[in-house]
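S.K.: Mind having a look at this structure? Questions to follow.
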Amino acid sequence: MSQVRAEILAVDYPGTAAARIVINAPASKIFDVLANPHAHASFDGSGTIEKSVSGPERLFLGAKFGMAMKIKVPYRITNTVVAFQENAKITWCHLMKWTWSYELVDLGNSTTQVTEIFDGSSVPAFSKWWLKKTDSLARNPKWMAKSLVQLKALCEG
């Protein structure tokens, strides 16, 4: 049995990262998981999300949700949903102004291509310093790929 892997995509812009996977589940099922902030820790491949999550059961454009995290030091972050297209795309950002997006493409036969995108290309100086200090840009692609593999297992299970 071969190991399931997500593809880490080549990106043309500094401060960005992307990974992609095909999940044998309808886009609506996957999107329901992504739109539930209380489910995020269950597929977090970075190991940085703690269990403490606040916010609505289902996200929507403009929704705010918070979570306890730890990258070198524990902290709490509040995110705001800045793009929301049912079963197709969800994006959120926080104080540091970088974004996390999930884009879903229905491939037919209850199969969906999911791309996770991190965009820190146009963030303030302090945010760039934090990304460098935490080595996040170097680790993000691997963390994203692990998250997508865990999302796949969750949605196909």
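Ordering of the structure tokens sets the chain letters (A, B, ...), residue numbers begin anew at 1 in every chain, and ligands are numbered from 1 in the order given.
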Which neighbours of segment 64-76 of chain A fall inside 8 Å, counting only C-alpha atoms, when residues of the same chain fewer than 4 positions from it are skipped, and could you give them as a VMD selection string?
M.R.: chain A and resid 37 48 to 56 59 80 to 81 134
S.K.: Near Thr16 of chain A, counting only C-alpha atoms, which residues have an atom at most 10 Å away, once you skip same-chain residues fewer than 2 positions from it, shown as a list in words?
M.R.: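 Here the qualifying residues turn out to be Ala10, Val11, Asp12, Tyr13, Pro14, Ala18, Trp98, Thr99, Trp100, Ile117, Phe118, Asp119, Gly120, Ser121, Ser122, Leu137, Asn140 and Pro141 of chain A.
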S.K.: Could you list, as a ChimeraX atom specification, every residue within 6 Å of Thr112 of chain A, counting only C-alpha atoms and ignoring same-chain residues fewer than 3 positions away?
M.R.: /A:22-23,27,105-107
S.K.: Which residue out of A:Val82, A:Ala145, A:Ala41, A:Val33 has the minimum interatomic distance to Arg58 of chain A when only C-alpha atoms are used?
M.R.: A:Val33
S.K.: Going by DSSP on the backbone, which bits of chain A are strand (DSSP E)? Write them as an NGL selection string, please.
M.R.: :A and (7-9 or 16-23 or 49-54 or 64-71 or 73-85 or 89-94 or 99-108 or 111-119)
S.K.: May I have the residues within 6 Å of Ser101 of chain A as a list of chain:residue names, using only C-alpha atoms and disregarding those fewer than 6 positions away in the same chain?
M.R.: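 Residues meeting the cut-off are A:Ile90, A:Thr91, A:Glu116, A:Ile117.
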S.K.: I need the chosen residues saved as a PDB file, in the first residue's frame, with C-alpha atoms.
M.R.:
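The resulting file, part13.pdb, is reproduced below:
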ATOM      1  CA  ILE A  90     -12.792  29.938   1.845  1.00  0.00           C
ATOM      2  CA  THR A  91     -10.082  32.391   2.939  1.00  0.00           C
ATOM      3  CA  GLU A 116      -4.413  25.088   0.248  1.00  0.00           C
ATOM      4  CA  ILE A 117      -2.699  28.441  -0.286  1.00  0.00           C
TER       5      ILE A 117
END
S.K.: Determine the nearest neighbour of Val114 of chain A from the options A:Ser127, A:Asn79, A:Asn87, A:Ser42, counting only C-alpha atoms.
M.R.: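 Of A:Ser127, A:Asn79, A:Asn87, A:Ser42, the one nearest Val114 of chain A is A:Asn87, counting only C-alpha atoms.
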S.K.: May I ask for the distance between atom CA of Asp32 of chain A and atom CA of Gln3 of chain A, given in Å to one decimal place?
M.R.: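 Separation of atom CA of Asp32 of chain A and atom CA of Gln3 of chain A: 25.6 Å.
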S.K.: What's the separation between atom CA of Thr78 of chain A and atom CA of Ile8 of chain A, in Å to one decimal place?
M.R.: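 Between atom CA of Thr78 of chain A and atom CA of Ile8 of chain A the gap is 26.9 Å.
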S.K.: Would you work out the distance separating atom CA of His38 of chain A from atom CA of Lys133 of chain A, expressed in Å to one decimal?
M.R.: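 Separation between atom CA of His38 of chain A and atom CA of Lys133 of chain A: 28.0 Å.
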S.K.: Which one of A:Leu9, A:Asn24, A:Met96, A:Ala138 sits closest to Lys152 of chain A if you count only C-alpha atoms?
M.R.: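 Closest to Lys152 of chain A, using only C-alpha atoms: A:Asn24.
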S.K.: My list of candidates is A:Cys155, A:Val123, A:Ala25, A:Ser110. Which is closest to Ala39 of chain A when distances are computed with only C-alpha atoms?
M.R.: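 Closest to Ala39 of chain A of all the choices is A:Cys155.
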S.K.: Can you check which residues of chain A DSSP gives as alpha helix (DSSP H) on the backbone and send them as JSON, numbers by chain?
M.R.: {"A": [27, 28, 29, 30, 31, 32, 33, 34, 125, 126, 127, 128, 129, 130, 131, 132, 133, 136, 137, 138, 139, 140, 141, 142, 143, 144, 145, 146, 147, 148, 149, 150, 151, 152, 153, 154, 155, 156]}
S.K.: Tell me, as a PDB file with all heavy atoms, in the first residue's frame, which residues lie within 10 Å of Lys89 of chain A, counting only C-alpha atoms; anything in the same chain fewer than 3 positions away does not count.
M.R.:
ATOM      1  N   PHE A  31     -16.029  21.008   2.224  1.00  0.00           N
ATOM      2  CA  PHE A  31     -16.245  22.406   2.589  1.00  0.00           C
ATOM      3  C   PHE A  31     -16.896  22.515   3.965  1.00  0.00           C
ATOM      4  O   PHE A  31     -16.561  23.416   4.740  1.00  0.00           O
ATOM      5  CB  PHE A  31     -17.105  23.115   1.534  1.00  0.00           C
ATOM      6  CG  PHE A  31     -17.053  24.607   1.636  1.00  0.00           C
ATOM      7  CD1 PHE A  31     -16.013  25.311   1.055  1.00  0.00           C
ATOM      8  CD2 PHE A  31     -18.028  25.309   2.315  1.00  0.00           C
ATOM      9  CE1 PHE A  31     -15.948  26.697   1.146  1.00  0.00           C
ATOM     10  CE2 PHE A  31     -17.979  26.683   2.419  1.00  0.00           C
ATOM     11  CZ  PHE A  31     -16.936  27.385   1.836  1.00  0.00           C
ATOM     12  N   LEU A  34     -14.085  22.376   6.390  1.00  0.00           N
ATOM     13  CA  LEU A  34     -13.293  23.608   6.351  1.00  0.00           C
ATOM     14  C   LEU A  34     -14.038  24.792   6.962  1.00  0.00           C
ATOM     15  O   LEU A  34     -13.426  25.666   7.579  1.00  0.00           O
ATOM     16  CB  LEU A  34     -12.896  23.943   4.908  1.00  0.00           C
ATOM     17  CG  LEU A  34     -11.983  22.936   4.220  1.00  0.00           C
ATOM     18  CD1 LEU A  34     -11.853  23.274   2.739  1.00  0.00           C
ATOM     19  CD2 LEU A  34     -10.629  22.876   4.894  1.00  0.00           C
ATOM     20  N   ALA A  35     -15.354  24.825   6.786  1.00  0.00           N
ATOM     21  CA  ALA A  35     -16.162  25.938   7.272  1.00  0.00           C
ATOM     22  C   ALA A  35     -16.534  25.796   8.748  1.00  0.00           C
ATOM     23  O   ALA A  35     -17.200  26.666   9.303  1.00  0.00           O
ATOM     24  CB  ALA A  35     -17.429  26.084   6.426  1.00  0.00           C
ATOM     25  N   ALA A  83     -13.009  35.721   2.236  1.00  0.00           N
ATOM     26  CA  ALA A  83     -13.579  35.221   0.978  1.00  0.00           C
ATOM     27  C   ALA A  83     -14.358  33.959   1.313  1.00  0.00           C
ATOM     28  O   ALA A  83     -13.906  33.138   2.121  1.00  0.00           O
ATOM     29  CB  ALA A  83     -12.492  34.932  -0.048  1.00  0.00           C
ATOM     30  N   PHE A  84     -15.524  33.833   0.720  1.00  0.00           N
ATOM     31  CA  PHE A  84     -16.372  32.683   1.011  1.00  0.00           C
ATOM     32  C   PHE A  84     -17.255  32.410  -0.203  1.00  0.00           C
ATOM     33  O   PHE A  84     -18.105  33.223  -0.562  1.00  0.00           O
ATOM     34  CB  PHE A  84     -17.247  32.964   2.237  1.00  0.00           C
ATOM     35  CG  PHE A  84     -18.025  31.772   2.732  1.00  0.00           C
ATOM     36  CD1 PHE A  84     -17.523  30.986   3.752  1.00  0.00           C
ATOM     37  CD2 PHE A  84     -19.251  31.444   2.181  1.00  0.00           C
ATOM     38  CE1 PHE A  84     -18.228  29.887   4.225  1.00  0.00           C
ATOM     39  CE2 PHE A  84     -19.967  30.351   2.645  1.00  0.00           C
ATOM     40  CZ  PHE A  84     -19.459  29.567   3.666  1.00  0.00           C
ATOM     41  N   GLN A  85     -16.989  31.285  -0.849  1.00  0.00           N
ATOM     42  CA  GLN A  85     -17.829  30.838  -1.954  1.00  0.00           C
ATOM     43  C   GLN A  85     -18.187  29.395  -1.648  1.00  0.00           C
ATOM     44  O   GLN A  85     -17.315  28.517  -1.681  1.00  0.00           O
ATOM     45  CB  GLN A  85     -17.087  30.970  -3.278  1.00  0.00           C
ATOM     46  CG  GLN A  85     -17.927  30.609  -4.471  1.00  0.00           C
ATOM     47  CD  GLN A  85     -17.172  30.730  -5.780  1.00  0.00           C
ATOM     48  OE1 GLN A  85     -16.027  31.173  -5.832  1.00  0.00           O
ATOM     49  NE2 GLN A  85     -17.814  30.320  -6.856  1.00  0.00           N
ATOM     50  N   GLU A  86     -19.436  29.159  -1.295  1.00  0.00           N
ATOM     51  CA  GLU A  86     -19.911  27.843  -0.853  1.00  0.00           C
ATOM     52  C   GLU A  86     -19.374  26.723  -1.742  1.00  0.00           C
ATOM     53  O   GLU A  86     -19.496  26.773  -2.960  1.00  0.00           O
ATOM     54  CB  GLU A  86     -21.447  27.831  -0.849  1.00  0.00           C
ATOM     55  CG  GLU A  86     -22.048  26.612  -0.214  1.00  0.00           C
ATOM     56  CD  GLU A  86     -21.912  26.577   1.301  1.00  0.00           C
ATOM     57  OE1 GLU A  86     -21.978  27.641   1.950  1.00  0.00           O
ATOM     58  OE2 GLU A  86     -21.744  25.467   1.839  1.00  0.00           O
ATOM     59  N   SER A 101      -6.061  30.057   2.381  1.00  0.00           N
ATOM     60  CA  SER A 101      -7.203  29.772   1.511  1.00  0.00           C
ATOM     61  C   SER A 101      -7.276  28.289   1.212  1.00  0.00           C
ATOM     62  O   SER A 101      -6.249  27.611   1.131  1.00  0.00           O
ATOM     63  CB  SER A 101      -7.060  30.501   0.171  1.00  0.00           C
ATOM     64  OG  SER A 101      -7.059  31.885   0.327  1.00  0.00           O
ATOM     65  N   TYR A 102      -8.498  27.841   1.027  1.00  0.00           N
ATOM     66  CA  TYR A 102      -8.745  26.506   0.504  1.00  0.00           C
ATOM     67  C   TYR A 102      -9.621  26.684  -0.718  1.00  0.00           C
ATOM     68  O   TYR A 102     -10.676  27.312  -0.642  1.00  0.00           O
ATOM     69  CB  TYR A 102      -9.461  25.620   1.532  1.00  0.00           C
ATOM     70  CG  TYR A 102      -8.590  25.220   2.683  1.00  0.00           C
ATOM     71  CD1 TYR A 102      -8.474  26.025   3.808  1.00  0.00           C
ATOM     72  CD2 TYR A 102      -7.877  24.022   2.647  1.00  0.00           C
ATOM     73  CE1 TYR A 102      -7.664  25.660   4.871  1.00  0.00           C
ATOM     74  CE2 TYR A 102      -7.060  23.652   3.713  1.00  0.00           C
ATOM     75  CZ  TYR A 102      -6.963  24.476   4.815  1.00  0.00           C
ATOM     76  OH  TYR A 102      -6.157  24.108   5.859  1.00  0.00           O
ATOM     77  N   GLU A 103      -9.157  26.148  -1.857  1.00  0.00           N
ATOM     78  CA  GLU A 103      -9.917  26.209  -3.089  1.00  0.00           C
ATOM     79  C   GLU A 103     -10.283  24.783  -3.482  1.00  0.00           C
ATOM     80  O   GLU A 103      -9.412  23.904  -3.521  1.00  0.00           O
ATOM     81  CB  GLU A 103      -9.110  26.886  -4.192  1.00  0.00           C
ATOM     82  CG  GLU A 103      -8.819  28.346  -3.872  1.00  0.00           C
ATOM     83  CD  GLU A 103      -7.974  29.042  -4.928  1.00  0.00           C
ATOM     84  OE1 GLU A 103      -7.495  28.378  -5.876  1.00  0.00           O
ATOM     85  OE2 GLU A 103      -7.788  30.272  -4.784  1.00  0.00           O
ATOM     86  N   LEU A 104     -11.563  24.554  -3.753  1.00  0.00           N
ATOM     87  CA  LEU A 104     -12.073  23.231  -4.081  1.00  0.00           C
ATOM     88  C   LEU A 104     -12.576  23.222  -5.513  1.00  0.00           C
ATOM     89  O   LEU A 104     -13.283  24.144  -5.930  1.00  0.00           O
ATOM     90  CB  LEU A 104     -13.215  22.853  -3.142  1.00  0.00           C
ATOM     91  CG  LEU A 104     -12.844  22.542  -1.693  1.00  0.00           C
ATOM     92  CD1 LEU A 104     -12.458  23.792  -0.924  1.00  0.00           C
ATOM     93  CD2 LEU A 104     -13.995  21.847  -0.993  1.00  0.00           C
ATOM     94  N   VAL A 105     -12.200  22.179  -6.266  1.00  0.00           N
ATOM     95  CA  VAL A 105     -12.661  21.999  -7.635  1.00  0.00           C
ATOM     96  C   VAL A 105     -13.308  20.626  -7.719  1.00  0.00           C
ATOM     97  O   VAL A 105     -12.650  19.609  -7.463  1.00  0.00           O
ATOM     98  CB  VAL A 105     -11.500  22.118  -8.651  1.00  0.00           C
ATOM     99  CG1 VAL A 105     -12.004  21.839 -10.061  1.00  0.00           C
ATOM    100  CG2 VAL A 105     -10.846  23.484  -8.556  1.00  0.00           C
ATOM    101  N   VAL A 114      -8.422  19.716  -3.849  1.00  0.00           N
ATOM    102  CA  VAL A 114      -8.344  20.749  -2.818  1.00  0.00           C
ATOM    103  C   VAL A 114      -6.941  21.345  -2.839  1.00  0.00           C
ATOM    104  O   VAL A 114      -5.950  20.624  -2.762  1.00  0.00           O
ATOM    105  CB  VAL A 114      -8.645  20.171  -1.418  1.00  0.00           C
ATOM    106  CG1 VAL A 114      -8.568  21.266  -0.358  1.00  0.00           C
ATOM    107  CG2 VAL A 114     -10.019  19.508  -1.393  1.00  0.00           C
ATOM    108  N   THR A 115      -6.883  22.672  -2.957  1.00  0.00           N
ATOM    109  CA  THR A 115      -5.615  23.383  -2.927  1.00  0.00           C
ATOM    110  C   THR A 115      -5.616  24.305  -1.722  1.00  0.00           C
ATOM    111  O   THR A 115      -6.561  25.078  -1.535  1.00  0.00           O
ATOM    112  CB  THR A 115      -5.406  24.214  -4.215  1.00  0.00           C
ATOM    113  OG1 THR A 115      -5.538  23.349  -5.346  1.00  0.00           O
ATOM    114  CG2 THR A 115      -4.034  24.880  -4.224  1.00  0.00           C
ATOM    115  N   GLU A 116      -4.590  24.189  -0.896  1.00  0.00           N
ATOM    116  CA  GLU A 116      -4.413  25.088   0.248  1.00  0.00           C
ATOM    117  C   GLU A 116      -3.332  26.095  -0.138  1.00  0.00           C
ATOM    118  O   GLU A 116      -2.283  25.716  -0.648  1.00  0.00           O
ATOM    119  CB  GLU A 116      -3.991  24.314   1.492  1.00  0.00           C
ATOM    120  CG  GLU A 116      -3.857  25.200   2.713  1.00  0.00           C
ATOM    121  CD  GLU A 116      -3.489  24.451   3.985  1.00  0.00           C
ATOM    122  OE1 GLU A 116      -3.354  23.207   3.956  1.00  0.00           O
ATOM    123  OE2 GLU A 116      -3.332  25.119   5.018  1.00  0.00           O
TER     124      GLU A 116
END
S.K.: With only C-alpha atoms as the atoms that count, which of A:Ala63, A:Ala88, A:Met144, A:Ile77 lies nearest to Ile30 of chain A?
M.R.: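 Of all the options, A:Ala88 lies closest to Ile30 of chain A.
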